[in-house]
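With TSV, C-alpha atoms inside, this is target-v9.tsv:
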```tsv
chain	number	residue	atom	x	y	z
Z	3	MET	CA	0.00	0.00	0.00
Z	4	LEU	CA	1.19	3.46	-0.90
Z	5	GLU	CA	-0.05	6.53	0.91
Z	6	VAL	CA	0.51	10.19	0.10
Z	7	ILE	CA	1.45	12.33	3.11
Z	8	PRO	CA	-0.15	15.71	2.39
Z	9	ALA	CA	1.52	19.02	3.28
Z	10	PRO	CA	0.95	19.58	7.03
Z	11	VAL	CA	0.80	23.35	6.45
Z	12	PRO	CA	-0.17	25.19	3.25
Z	13	GLY	CA	3.27	26.63	2.46
Z	14	LEU	CA	4.88	23.21	2.20
Z	15	ASP	CA	2.70	22.22	-0.77
Z	16	LEU	CA	5.35	22.85	-3.42
Z	17	HIS	CA	3.06	21.50	-6.10
Z	18	ARG	CA	0.64	24.33	-5.43
Z	19	GLU	CA	3.29	26.98	-4.71
Z	20	TYR	CA	5.79	26.27	-7.46
Z	21	GLY	CA	4.32	23.62	-9.77
Z	22	HIS	CA	6.77	20.97	-8.59
Z	23	HIS	CA	5.18	17.73	-9.68
Z	24	GLN	CA	5.70	15.78	-6.46
Z	25	SER	CA	4.01	14.76	-3.24
Z	26	PRO	CA	5.59	16.10	-0.01
Z	27	ALA	CA	6.14	12.52	1.15
Z	28	ILE	CA	4.99	8.97	0.47
Z	29	ARG	CA	4.58	6.26	3.09
Z	30	ALA	CA	5.06	2.68	1.90
Z	31	GLY	CA	6.52	-0.56	3.21
Z	32	GLY	CA	7.29	0.86	6.65
Z	33	LEU	CA	9.30	3.78	5.27
Z	34	ILE	CA	8.51	7.43	4.64
Z	35	PHE	CA	10.12	8.87	1.51
Z	36	CYS	CA	10.29	12.67	1.57
Z	37	SER	CA	10.81	14.91	-1.42
Z	38	GLY	CA	13.99	16.98	-1.36
Z	39	MET	CA	13.30	19.91	0.98
Z	40	VAL	CA	14.53	23.48	0.73
Z	41	ALA	CA	14.05	26.51	3.00
Z	42	ILE	CA	10.38	27.44	2.54
Z	43	ASN	CA	8.26	29.52	4.89
Z	44	PRO	CA	5.66	26.98	6.07
Z	45	GLU	CA	2.84	29.53	6.30
Z	46	THR	CA	3.35	31.64	3.19
Z	47	GLY	CA	5.27	29.24	0.94
Z	48	GLU	CA	7.86	31.92	0.28
Z	49	ARG	CA	11.43	30.88	-0.38
Z	50	GLU	CA	13.75	31.89	2.44
Z	51	HIS	CA	17.21	32.13	0.97
Z	52	GLY	CA	19.85	32.60	3.61
Z	53	THR	CA	23.02	31.04	4.87
Z	54	VAL	CA	23.68	27.31	5.02
Z	55	THR	CA	22.85	27.55	8.74
Z	56	SER	CA	19.56	29.43	8.38
Z	57	GLU	CA	18.40	27.29	5.46
Z	58	ALA	CA	19.26	24.04	7.24
Z	59	ARG	CA	17.37	25.20	10.36
Z	60	ARG	CA	14.27	26.02	8.37
Z	61	ILE	CA	14.43	22.69	6.55
Z	62	PHE	CA	14.73	20.68	9.77
Z	63	GLU	CA	11.80	22.61	11.30
Z	64	ASN	CA	9.68	21.85	8.23
Z	65	LEU	CA	10.85	18.27	8.18
Z	66	ASN	CA	9.77	17.97	11.80
Z	67	LEU	CA	6.29	19.22	10.88
Z	68	LEU	CA	6.07	16.84	7.94
Z	69	LEU	CA	7.31	13.75	9.78
Z	70	GLU	CA	5.16	14.38	12.86
Z	71	SER	CA	2.10	14.65	10.65
Z	72	ALA	CA	3.01	11.14	9.45
Z	73	HIS	CA	3.48	9.89	13.05
Z	74	SER	CA	7.25	9.75	12.66
Z	75	SER	CA	9.92	12.19	13.87
Z	76	LEU	CA	13.42	13.53	13.26
Z	77	ASP	CA	14.94	10.76	15.41
Z	78	ARG	CA	13.34	8.15	13.12
Z	79	ILE	CA	15.22	9.39	10.03
Z	80	VAL	CA	17.12	6.54	8.41
Z	81	GLN	CA	19.02	8.12	5.54
Z	82	VAL	CA	19.80	11.68	4.46
Z	83	HIS	CA	21.21	12.97	1.21
Z	84	ALA	CA	22.50	16.32	2.42
Z	85	MET	CA	22.97	18.49	-0.64
Z	86	ILE	CA	24.97	21.69	-0.41
Z	87	TYR	CA	25.87	24.19	-3.10
Z	88	HIS	CA	29.59	24.01	-2.32
Z	89	ARG	CA	31.73	21.55	-0.46
Z	90	ILE	CA	33.53	24.38	1.35
Z	91	GLU	CA	30.48	24.74	3.65
Z	92	TYR	CA	30.68	21.13	4.87
Z	93	ASP	CA	31.68	22.15	8.42
Z	94	VAL	CA	29.01	24.84	8.51
Z	95	LEU	CA	26.38	22.28	7.61
Z	96	ASN	CA	27.65	19.82	10.22
Z	97	ARG	CA	27.45	22.36	13.02
Z	98	VAL	CA	23.75	23.11	12.52
Z	99	TYR	CA	22.89	19.57	11.40
Z	100	ARG	CA	24.04	17.87	14.60
Z	101	GLN	CA	21.70	19.99	16.72
Z	102	TYR	CA	18.69	18.37	15.08
Z	103	VAL	CA	19.90	14.75	15.17
Z	104	PRO	CA	21.94	14.67	18.41
Z	105	ASN	CA	21.55	10.96	19.16
Z	106	THR	CA	22.04	8.03	16.76
Z	107	PRO	CA	22.02	10.32	13.70
Z	108	PRO	CA	20.88	8.91	10.34
Z	109	ALA	CA	23.16	7.44	7.68
Z	110	ARG	CA	24.19	10.32	5.44
Z	111	THR	CA	25.90	11.24	2.21
Z	112	VAL	CA	26.83	14.86	1.62
Z	113	MET	CA	26.73	15.90	-2.03
Z	114	SER	CA	27.66	19.20	-3.60
Z	115	VAL	CA	25.13	19.81	-6.36
Z	116	GLN	CA	23.26	22.62	-8.08
Z	117	ILE	CA	20.09	23.23	-6.06
Z	118	GLU	CA	16.87	24.80	-7.36
Z	119	ALA	CA	16.41	28.55	-7.24
Z	120	GLY	CA	19.88	29.24	-5.90
Z	121	PHE	CA	19.34	27.61	-2.52
Z	122	LYS	CA	22.40	26.54	-0.54
Z	123	VAL	CA	20.96	23.45	1.14
Z	124	MET	CA	18.53	20.68	0.26
Z	125	LEU	CA	17.84	17.65	2.45
Z	126	GLU	CA	16.41	14.48	1.01
Z	127	VAL	CA	15.22	12.11	3.70
Z	128	ILE	CA	13.97	8.56	4.20
Z	129	ALA	CA	12.48	7.95	7.66
Z	130	ALA	CA	11.10	4.91	9.43
Z	131	ALA	CA	7.35	4.88	9.88
Z	132	GLU	CA	6.08	4.09	13.36
Z	133	THR	CA	4.78	0.69	12.41
Z	134	ARG	CA	4.84	-1.67	9.49
Z	135	GLN	CA	2.14	-3.95	8.13
Z	136	ALA	CA	3.10	-7.39	9.41
Z	137	ALA	CA	1.50	-8.91	6.34
Z	138	ALA	CA	3.69	-6.91	3.96
Z	139	MET	CA	5.34	-8.88	1.19
Z	140	THR	CA	9.02	-9.51	1.68
Z	141	HIS	CA	10.83	-10.69	-1.41
Z	142	ALA	CA	14.31	-12.16	-1.30
Z	143	ARG	CA	16.82	-10.31	-3.47
Z	144	GLN	CA	15.82	-10.92	-7.06
Z	145	VAL	CA	17.57	-9.37	-10.04
Z	146	ILE	CA	15.43	-8.27	-12.96
Z	147	ASP	CA	17.65	-9.69	-15.64
Z	148	ARG	CA	18.77	-7.61	-18.58
Z	149	CYS	CA	19.02	-10.85	-20.59
Z	150	SER	CA	15.45	-11.99	-19.98
Z	151	SER	CA	13.33	-12.60	-23.07
Z	152	ASP	CA	11.25	-9.45	-22.66
Z	153	ALA	CA	14.26	-7.17	-22.11
Z	154	ASP	CA	14.48	-4.45	-24.73
Z	155	GLY	CA	17.55	-2.64	-26.06
Z	156	SER	CA	17.52	-0.08	-23.27
Z	157	ARG	CA	18.58	-2.79	-20.83
Z	158	HIS	CA	21.34	-4.33	-22.94
Z	159	SER	CA	24.39	-2.64	-21.55
Z	160	ASP	CA	27.70	-4.21	-20.68
Z	161	LEU	CA	27.93	-2.19	-17.48
Z	162	PRO	CA	28.34	-4.07	-14.20
Z	163	LEU	CA	24.93	-3.15	-12.85
Z	164	SER	CA	21.47	-4.67	-12.78
Z	165	PRO	CA	18.65	-2.60	-14.29
Z	166	ALA	CA	16.36	-3.43	-11.37
Z	167	ILE	CA	16.33	-5.52	-8.19
Z	168	ARG	CA	13.30	-6.60	-6.21
Z	169	ALA	CA	14.08	-6.94	-2.52
Z	170	GLY	CA	11.85	-6.78	0.53
Z	171	ASP	CA	8.83	-4.61	-0.18
Z	172	PHE	CA	10.45	-2.58	-2.95
Z	173	VAL	CA	11.89	-2.57	-6.44
Z	174	PHE	CA	15.09	-0.53	-6.80
Z	175	LEU	CA	16.07	0.83	-10.22
Z	176	SER	CA	19.46	1.91	-11.49
Z	177	GLY	CA	19.81	5.44	-12.78
Z	178	MET	CA	18.42	5.40	-16.31
Z	179	ALA	CA	19.59	7.45	-19.26
Z	180	ALA	CA	17.65	7.98	-22.51
Z	181	ILE	CA	18.23	4.86	-24.62
Z	182	ASP	CA	16.18	3.83	-27.66
Z	183	PRO	CA	14.81	0.38	-26.76
Z	184	ALA	CA	14.83	-0.70	-30.43
Z	185	THR	CA	18.47	0.10	-31.15
Z	186	GLY	CA	20.14	0.36	-27.74
Z	187	GLU	CA	21.54	3.73	-28.83
Z	188	PRO	CA	21.22	7.06	-26.98
Z	189	ALA	CA	17.94	8.76	-27.89
Z	190	GLY	CA	16.65	12.31	-27.66
Z	191	ALA	CA	18.51	15.55	-28.11
Z	192	THR	CA	16.71	17.71	-25.58
Z	193	VAL	CA	15.95	17.45	-21.88
Z	194	ALA	CA	12.25	17.04	-22.72
Z	195	ALA	CA	12.88	14.24	-25.23
Z	196	GLU	CA	15.30	12.45	-22.91
Z	197	THR	CA	12.85	12.68	-20.01
Z	198	ARG	CA	10.10	11.17	-22.16
Z	199	GLN	CA	12.31	8.31	-23.34
Z	200	ILE	CA	13.57	7.53	-19.83
Z	201	LEU	CA	10.12	7.48	-18.23
Z	202	THR	CA	8.73	5.35	-21.06
Z	203	ASN	CA	11.54	2.83	-20.55
Z	204	MET	CA	11.10	3.06	-16.80
Z	205	GLY	CA	7.42	2.09	-17.13
Z	206	GLU	CA	8.40	-0.99	-19.15
Z	207	LEU	CA	11.16	-1.97	-16.74
Z	208	LEU	CA	8.87	-1.63	-13.72
Z	209	LYS	CA	6.29	-3.78	-15.49
Z	210	ALA	CA	8.92	-6.46	-16.06
Z	211	ALA	CA	9.66	-6.29	-12.33
Z	212	GLY	CA	6.00	-6.77	-11.45
Z	213	SER	CA	5.49	-3.13	-10.48
Z	214	SER	CA	4.40	0.01	-12.36
Z	215	LEU	CA	4.82	3.79	-12.54
Z	216	ALA	CA	1.75	4.12	-10.32
Z	217	LYS	CA	3.62	2.26	-7.56
Z	218	VAL	CA	6.72	4.48	-7.62
Z	219	VAL	CA	7.37	6.00	-4.18
Z	220	LYS	CA	10.53	8.04	-4.75
Z	221	VAL	CA	12.24	9.50	-7.80
Z	222	ASN	CA	15.64	11.14	-8.07
Z	223	VAL	CA	16.24	13.26	-11.15
Z	224	LEU	CA	19.79	14.29	-12.02
Z	225	ILE	CA	19.93	17.01	-14.63
Z	226	TYR	CA	22.99	18.63	-16.20
Z	227	SER	CA	21.69	22.14	-15.48
Z	228	MET	CA	18.85	23.29	-13.23
Z	229	LEU	CA	18.07	25.96	-15.83
Z	230	GLU	CA	16.33	23.12	-17.71
Z	231	TYR	CA	14.16	22.16	-14.73
Z	232	GLU	CA	10.87	23.13	-16.35
Z	233	ASN	CA	11.71	21.26	-19.58
Z	234	MET	CA	11.98	18.10	-17.49
Z	235	ASN	CA	9.01	18.89	-15.24
Z	236	SER	CA	6.57	19.55	-18.09
Z	237	VAL	CA	7.10	16.07	-19.56
Z	238	TYR	CA	7.45	14.38	-16.17
Z	239	ARG	CA	3.94	15.35	-15.07
Z	240	GLU	CA	2.36	13.47	-17.98
Z	241	PHE	CA	3.69	10.20	-16.58
Z	242	PHE	CA	2.40	10.68	-13.03
Z	243	PRO	CA	-1.08	12.19	-13.48
Z	244	VAL	CA	-2.31	11.58	-9.90
Z	245	ASP	CA	-0.56	11.33	-6.52
Z	246	PRO	CA	2.95	11.78	-7.92
Z	247	PRO	CA	5.91	10.17	-6.09
Z	248	ALA	CA	8.15	12.04	-3.68
Z	249	ARG	CA	10.93	13.51	-5.79
Z	250	THR	CA	14.31	15.22	-5.65
Z	251	VAL	CA	15.78	17.13	-8.57
Z	252	CYS	CA	19.34	18.41	-8.58
Z	253	GLY	CA	21.97	19.59	-11.01
Z	254	ALA	CA	25.00	17.27	-11.19
Z	255	GLY	CA	27.77	16.13	-13.48
Z	256	LEU	CA	26.37	13.20	-15.50
Z	257	ILE	CA	28.41	10.39	-16.96
Z	258	GLY	CA	28.55	10.39	-20.75
Z	259	SER	CA	26.76	12.87	-22.99
Z	260	HIS	CA	23.34	12.55	-21.35
Z	261	LYS	CA	21.44	15.55	-20.03
Z	262	VAL	CA	19.10	13.71	-17.67
Z	263	GLU	CA	19.35	10.61	-15.53
Z	264	ILE	CA	16.46	9.27	-13.42
Z	265	GLU	CA	16.38	6.57	-10.73
Z	266	CYS	CA	13.48	5.40	-8.60
Z	267	ILE	CA	12.23	3.13	-5.84
Z	268	ALA	CA	8.80	1.53	-6.31
Z	269	LEU	CA	6.61	-0.78	-4.29
Z	270	ALA	CA	7.01	-4.37	-5.44
U	12	MET	CA	-1.79	-6.52	11.96
U	13	THR	CA	1.03	-4.05	12.44
U	14	GLU	CA	4.40	-4.43	14.12
U	15	ARG	CA	6.49	-1.72	15.71
U	16	LEU	CA	9.36	-0.89	13.41
U	17	LEU	CA	12.79	-0.80	15.07
U	18	ARG	CA	15.60	1.50	13.99
U	19	SER	CA	19.15	0.66	15.05
U	20	VAL	CA	22.65	1.93	14.39
U	21	ILE	CA	25.20	-0.22	12.56
U	22	GLU	CA	28.87	0.09	13.35
U	23	PRO	CA	31.95	-1.55	11.81
U	24	ARG	CA	33.81	-4.16	13.87
U	25	ASN	CA	37.05	-2.38	12.99
U	26	PRO	CA	36.97	0.91	14.93
U	27	LYS	CA	39.42	2.52	12.47
U	28	LEU	CA	36.62	2.45	9.90
U	29	ASN	CA	34.20	4.27	12.18
U	30	VAL	CA	34.89	7.57	10.45
U	31	SER	CA	31.96	9.48	11.90
U	32	ARG	CA	32.95	8.62	15.47
U	33	ASN	CA	36.66	9.24	14.93
U	34	ALA	CA	36.11	12.61	13.28
U	35	ASN	CA	33.04	13.50	15.39
U	36	LEU	CA	30.73	13.84	12.37
U	37	PRO	CA	26.93	13.97	12.77
U	38	HIS	CA	26.07	10.74	11.01
U	39	SER	CA	26.00	7.05	11.86
U	40	PRO	CA	28.00	4.55	9.78
U	41	GLY	CA	24.73	2.82	8.96
U	42	ILE	CA	21.14	2.40	10.05
U	43	ARG	CA	19.07	-0.76	10.00
U	44	VAL	CA	15.31	-0.51	9.73
U	45	GLY	CA	13.00	-3.43	8.98
U	46	SER	CA	14.56	-5.57	6.26
U	47	TYR	CA	17.00	-2.90	5.09
U	48	ILE	CA	20.42	-1.49	5.92
U	49	PHE	CA	21.29	2.04	4.78
U	50	LEU	CA	25.01	2.89	4.83
U	51	SER	CA	26.43	6.39	4.83
U	52	GLY	CA	28.59	7.46	1.92
U	53	MET	CA	32.03	5.88	2.34
U	54	GLY	CA	35.47	6.70	0.99
U	55	PRO	CA	38.85	4.98	0.68
U	56	VAL	CA	39.77	4.83	4.38
U	57	ASP	CA	42.74	2.64	5.27
U	58	PRO	CA	41.54	-0.03	7.74
U	59	VAL	CA	44.94	-0.19	9.49
U	60	THR	CA	45.78	3.47	9.97
U	61	GLY	CA	42.32	5.08	9.70
U	62	GLY	CA	43.87	7.58	7.28
U	63	ARG	CA	42.95	8.02	3.66
U	64	ASN	CA	44.20	5.72	0.95
U	65	LEU	CA	44.53	8.21	-1.88
U	66	GLY	CA	46.30	6.07	-4.46
U	67	PRO	CA	45.18	5.43	-8.04
U	68	ILE	CA	41.41	5.52	-8.56
U	69	ALA	CA	41.18	1.74	-9.02
U	70	GLU	CA	42.76	1.20	-5.61
U	71	GLN	CA	40.47	3.83	-4.06
U	72	VAL	CA	37.37	2.11	-5.44
U	73	ARG	CA	38.69	-1.29	-4.30
U	74	GLN	CA	39.40	-0.01	-0.78
U	75	THR	CA	35.99	1.64	-0.52
U	76	LEU	CA	34.18	-1.53	-1.65
U	77	ARG	CA	36.21	-3.61	0.83
U	78	ASN	CA	35.18	-1.18	3.57
U	79	ILE	CA	31.54	-1.48	2.52
U	80	ALA	CA	31.86	-5.28	2.66
U	81	HIS	CA	33.32	-5.02	6.19
U	82	MET	CA	30.54	-2.70	7.29
U	83	LEU	CA	27.81	-4.97	5.92
U	84	GLU	CA	29.43	-8.11	7.33
U	85	SER	CA	29.63	-6.40	10.73
U	86	ALA	CA	25.83	-6.23	10.54
U	87	GLY	CA	25.30	-9.80	9.30
U	88	SER	CA	24.75	-8.79	5.70
U	89	GLY	CA	27.20	-8.73	2.79
U	90	LEU	CA	28.04	-7.43	-0.67
U	91	ASP	CA	25.75	-10.01	-2.26
U	92	ARG	CA	22.77	-8.50	-0.43
U	93	ILE	CA	23.25	-4.95	-1.72
U	94	VAL	CA	20.29	-3.75	-3.75
U	95	LYS	CA	21.15	-0.14	-4.59
U	96	MET	CA	24.34	1.90	-4.81
U	97	ILE	CA	25.24	5.49	-5.56
U	98	VAL	CA	28.76	6.17	-6.79
U	99	VAL	CA	30.10	9.70	-6.73
U	100	LEU	CA	33.31	10.26	-8.66
U	101	ALA	CA	35.38	13.41	-8.38
U	102	ASP	CA	36.26	13.02	-12.07
U	103	ALA	CA	33.84	11.59	-14.66
U	104	THR	CA	36.77	10.29	-16.73
U	105	ASP	CA	37.39	7.69	-13.99
U	106	TYR	CA	34.12	5.99	-14.93
U	107	ASP	CA	35.64	3.14	-16.97
U	108	GLU	CA	38.27	2.40	-14.36
U	109	MET	CA	35.59	2.33	-11.67
U	110	ASN	CA	33.58	-0.17	-13.76
U	111	ARG	CA	36.63	-2.40	-14.15
U	112	VAL	CA	36.97	-2.72	-10.38
U	113	TRP	CA	33.21	-3.07	-10.00
U	114	ARG	CA	33.30	-6.28	-12.05
U	115	GLU	CA	35.85	-7.78	-9.65
U	116	PHE	CA	33.49	-7.30	-6.73
U	117	PHE	CA	30.16	-7.99	-8.46
U	118	PRO	CA	30.81	-10.67	-11.09
U	119	ILE	CA	27.18	-11.84	-11.15
U	120	ASP	CA	23.85	-10.15	-10.44
U	121	PRO	CA	25.37	-6.77	-9.55
U	122	PRO	CA	23.34	-4.22	-7.52
U	123	THR	CA	21.42	-1.41	-9.17
U	124	ARG	CA	23.56	1.69	-9.40
U	125	THR	CA	23.54	5.39	-10.17
U	126	ALA	CA	26.80	7.19	-10.88
U	127	CYS	CA	27.53	10.89	-11.14
U	128	ALA	CA	30.47	13.29	-10.92
U	129	LEU	CA	30.52	15.81	-8.07
U	130	GLN	CA	33.01	17.80	-6.08
U	131	LEU	CA	34.48	15.68	-3.27
U	132	SER	CA	36.61	16.77	-0.34
U	133	ASN	CA	39.86	15.61	1.26
U	134	GLY	CA	41.18	14.54	-2.10
U	135	ASN	CA	38.82	11.57	-2.33
U	136	GLY	CA	38.40	10.32	-5.88
U	137	VAL	CA	35.31	8.29	-5.04
U	138	GLU	CA	32.53	8.03	-2.49
U	139	ILE	CA	29.98	5.20	-2.42
U	140	GLU	CA	26.77	4.62	-0.49
U	141	CYS	CA	24.42	1.66	-0.52
U	142	ILE	CA	21.16	0.10	0.57
U	143	ALA	CA	21.31	-3.64	1.35
U	144	LEU	CA	18.97	-6.31	2.59
U	145	ALA	CA	19.65	-7.18	6.22
U	146	GLY	CA	20.14	-10.76	7.35
U	147	GLU	CA	22.69	-13.48	6.81
U	148	SER	CA	24.43	-13.87	3.49
U	149	PRO	CA	23.73	-17.31	2.03
U	150	SER	CA	27.39	-17.97	1.18
```

I'd like the structure from this file rewritten - as structure tokens, please.
Amino acid sequence: MLEVIPAPVPGLDLHREYGHHQSPAIRAGGLIFCSGMVAINPETGEREHGTVTSEARRIFENLNLLLESAHSSLDRIVQVHAMIYHRIEYDVLNRVYRQYVPNTPPARTVMSVQIEAGFKVMLEVIAAAETRQAAAMTHARQVIDRCSSDADGSRHSDLPLSPAIRAGDFVFLSGMAAIDPATGEPAGATVAAETRQILTNMGELLKAAGSSLAKVVKVNVLIYSMLEYENMNSVYREFFPVDPPARTVCGAGLIGSHKVEIECIALA
Amino acid sequence: MTERLLRSVIEPRNPKLNVSRNANLPHSPGIRVGSYIFLSGMGPVDPVTGGRNLGPIAEQVRQTLRNIAHMLESAGSGLDRIVKMIVVLADATDYDEMNRVWREFFPIDPPTRTACALQLSNGNGVEIECIALAGESPS
């Protein structure tokens, strides 16, 4: 079962405020997947650009509101992708960060990426829900084989990775680039075309794994420049017409000549 | 029927690899919740000295993957139970070399993976994080 956690206060509805095609958080399989959060005023929805310290404080306060509305809390956070605009502020981030997770802090990876709208900090969080359905499915680790009979050209790579793995309650997908399934060659010249090709392939891959786009809980979009955000977003929303997954978008150096790369976690 | 979901910290048996404790950083080496283990991003830390092993990129990737194996084994899991990895390279041109080492560690049924190139600190050429299934490795 997949459940959308609505914005606990009006300002945190970034879909309404800024057209971001994402739910604030999704609860599924005992975990709460939050969209990447930036410093937003929870009442007015206004962006509050500041220092790494002030932005991180605001994010943690909002995260606290969001998680408590889902009967979880900051001390139940499992994993954080802490994104900062420049690595030089690593110590600054740590100083404010530790105040909010003083005991048994979450697993964390700090990444220096390009963040939307010139923000300095974005936190992407997975937290533990309070309880878990005892009857939930738990699959052993099962690789969705790129050599299976229904695998198309987009999965035929000689890279040492599996396109998808089903494990526990979820299906995990590798980061996908725009590949033409008929030829196995890179497809699409623009961010919009690449996004369309990737999400089309993603739908097929999820189907092969016994899941579907409608069961996606969390999406990470890597894009070569955040100036192309809207070109991605406009196509993206066609693929998730209702209750879109939690999502994080950031600007990062991609491997190869691709402009977009998308990974996701879906319910099995 | 619902069960209370426990959240616990995972630590490496080798204290030299407990980077967050040794450097007083605000993260845990790993967290277990339900059927999953989430590890923090790891770099090429030398398991004997606790310092950084900043040799050629292949050796850095190898060292980091060995450290991940140690961390998972400390929690009763293992490399063969990893489901998802993120690889951050300081230099995108190291991608092929990283893949070469990857094949040594994951000859069959490799984990899902996303790679990208970002600025790293302390001279690290690579940083890797993963999600694995908890529980005993079959081998």

Query raised in the report: What separation in Å, quoted to one decimal, exists between atom CA of Thr104 of chain U and atom CA of Ile257 of chain Z?
Result: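 Distance between the two atoms: 8.4 Å.
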
Query - Computed interatomic separation between atom CA of Ser88 of chain U and atom CA of Val20 of chain U (Å) - result: 14.0 Å

Query raised in the report: Residues at most 9 Å from Glu14 of chain U, counting all atoms listed in the file, excluding those fewer than 5 positions away in the same chain, as an MDAnalysis selection string?
Result: chainID Z and resid 132:136

Report task. Excluding Ala86 of chain U and any residue of its chain fewer than 5 positions from it, enumerate the residues within 9 Å of it, using all atoms listed in the file, and give them as number ranges by chain. Result -> U: 21-24, 43, 48, 81, 145-147

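Using all atoms listed in the file, the shortest contact distance between Gly45 of chain U and any of U:Asn64, U:Asn25, U:Ser31, U:Ser19 is found at U:Ser19.
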
Contact check, chain U to chain Z, at most 8 Å, counting only C-alpha atoms, closest pairs as JSON lines:
```
{"residue": "U:Met12", "atom": "CA", "partner": "Z:Ala136", "partner_atom": "CA", "distance": 5.6}
{"residue": "U:Thr13", "atom": "CA", "partner": "Z:Gln135", "partner_atom": "CA", "distance": 4.5}
{"residue": "U:Glu14", "atom": "CA", "partner": "Z:Arg134", "partner_atom": "CA", "distance": 5.4}
{"residue": "U:Arg15", "atom": "CA", "partner": "Z:Thr133", "partner_atom": "CA", "distance": 4.4}
{"residue": "U:Leu16", "atom": "CA", "partner": "Z:Thr133", "partner_atom": "CA", "distance": 4.9}
{"residue": "U:Arg18", "atom": "CA", "partner": "Z:Arg78", "partner_atom": "CA", "distance": 7.1}
{"residue": "U:Val20", "atom": "CA", "partner": "Z:Thr106", "partner_atom": "CA", "distance": 6.6}
{"residue": "U:Leu36", "atom": "CA", "partner": "Z:Asn96", "partner_atom": "CA", "distance": 7.1}
{"residue": "U:Pro37", "atom": "CA", "partner": "Z:Arg100", "partner_atom": "CA", "distance": 5.2}
{"residue": "U:His38", "atom": "CA", "partner": "Z:Pro107", "partner_atom": "CA", "distance": 4.9}
{"residue": "U:Ser39", "atom": "CA", "partner": "Z:Ala109", "partner_atom": "CA", "distance": 5.1}
{"residue": "U:Pro40", "atom": "CA", "partner": "Z:Ala109", "partner_atom": "CA", "distance": 6.0}
{"residue": "U:Gly41", "atom": "CA", "partner": "Z:Ala109", "partner_atom": "CA", "distance": 5.0}
{"residue": "U:Ile42", "atom": "CA", "partner": "Z:Ala109", "partner_atom": "CA", "distance": 5.9}
{"residue": "U:Arg43", "atom": "CA", "partner": "Z:Val80", "partner_atom": "CA", "distance": 7.7}
{"residue": "U:Val44", "atom": "CA", "partner": "Z:Ala130", "partner_atom": "CA", "distance": 6.9}
{"residue": "U:Gly45", "atom": "CA", "partner": "Z:Gly32", "partner_atom": "CA", "distance": 7.5}
{"residue": "U:Ser46", "atom": "CA", "partner": "Z:Gly170", "partner_atom": "CA", "distance": 6.5}
{"residue": "U:Tyr47", "atom": "CA", "partner": "Z:Gly170", "partner_atom": "CA", "distance": 7.9}
{"residue": "U:Phe49", "atom": "CA", "partner": "Z:Ala109", "partner_atom": "CA", "distance": 6.4}
{"residue": "U:Leu50", "atom": "CA", "partner": "Z:Ala109", "partner_atom": "CA", "distance": 5.7}
{"residue": "U:Ser51", "atom": "CA", "partner": "Z:Ala109", "partner_atom": "CA", "distance": 4.5}
{"residue": "U:Gly52", "atom": "CA", "partner": "Z:Thr111", "partner_atom": "CA", "distance": 4.6}
{"residue": "U:Arg92", "atom": "CA", "partner": "Z:Arg143", "partner_atom": "CA", "distance": 6.9}
{"residue": "U:Val94", "atom": "CA", "partner": "Z:Ile167", "partner_atom": "CA", "distance": 6.2}
{"residue": "U:Lys95", "atom": "CA", "partner": "Z:Phe174", "partner_atom": "CA", "distance": 6.5}
{"residue": "U:Ala103", "atom": "CA", "partner": "Z:Ile257", "partner_atom": "CA", "distance": 6.0}
{"residue": "U:Tyr106", "atom": "CA", "partner": "Z:Ile257", "partner_atom": "CA", "distance": 7.5}
{"residue": "U:Asn110", "atom": "CA", "partner": "Z:Pro162", "partner_atom": "CA", "distance": 6.5}
{"residue": "U:Trp113", "atom": "CA", "partner": "Z:Pro162", "partner_atom": "CA", "distance": 6.5}
{"residue": "U:Arg114", "atom": "CA", "partner": "Z:Pro162", "partner_atom": "CA", "distance": 5.8}
{"residue": "U:Phe117", "atom": "CA", "partner": "Z:Pro162", "partner_atom": "CA", "distance": 7.2}
{"residue": "U:Pro118", "atom": "CA", "partner": "Z:Pro162", "partner_atom": "CA", "distance": 7.7}
{"residue": "U:Asp120", "atom": "CA", "partner": "Z:Val145", "partner_atom": "CA", "distance": 6.3}
{"residue": "U:Pro121", "atom": "CA", "partner": "Z:Leu163", "partner_atom": "CA", "distance": 4.9}
{"residue": "U:Pro122", "atom": "CA", "partner": "Z:Ser164", "partner_atom": "CA", "distance": 5.6}
{"residue": "U:Thr123", "atom": "CA", "partner": "Z:Ser176", "partner_atom": "CA", "distance": 4.5}
{"residue": "U:Arg124", "atom": "CA", "partner": "Z:Ser176", "partner_atom": "CA", "distance": 4.6}
{"residue": "U:Thr125", "atom": "CA", "partner": "Z:Gly177", "partner_atom": "CA", "distance": 4.6}
{"residue": "U:Ala126", "atom": "CA", "partner": "Z:Ile257", "partner_atom": "CA", "distance": 7.1}
{"residue": "U:Cys127", "atom": "CA", "partner": "Z:Leu256", "partner_atom": "CA", "distance": 5.1}
{"residue": "U:Ala128", "atom": "CA", "partner": "Z:Gly255", "partner_atom": "CA", "distance": 4.7}
{"residue": "U:Leu129", "atom": "CA", "partner": "Z:Gly255", "partner_atom": "CA", "distance": 6.1}
{"residue": "U:Gln130", "atom": "CA", "partner": "Z:Ser114", "partner_atom": "CA", "distance": 6.1}
{"residue": "U:Leu131", "atom": "CA", "partner": "Z:Arg89", "partner_atom": "CA", "distance": 7.1}
{"residue": "U:Ser132", "atom": "CA", "partner": "Z:Arg89", "partner_atom": "CA", "distance": 6.8}
{"residue": "U:Glu140", "atom": "CA", "partner": "Z:Thr111", "partner_atom": "CA", "distance": 7.2}
{"residue": "U:Leu144", "atom": "CA", "partner": "Z:Ala169", "partner_atom": "CA", "distance": 7.1}
```
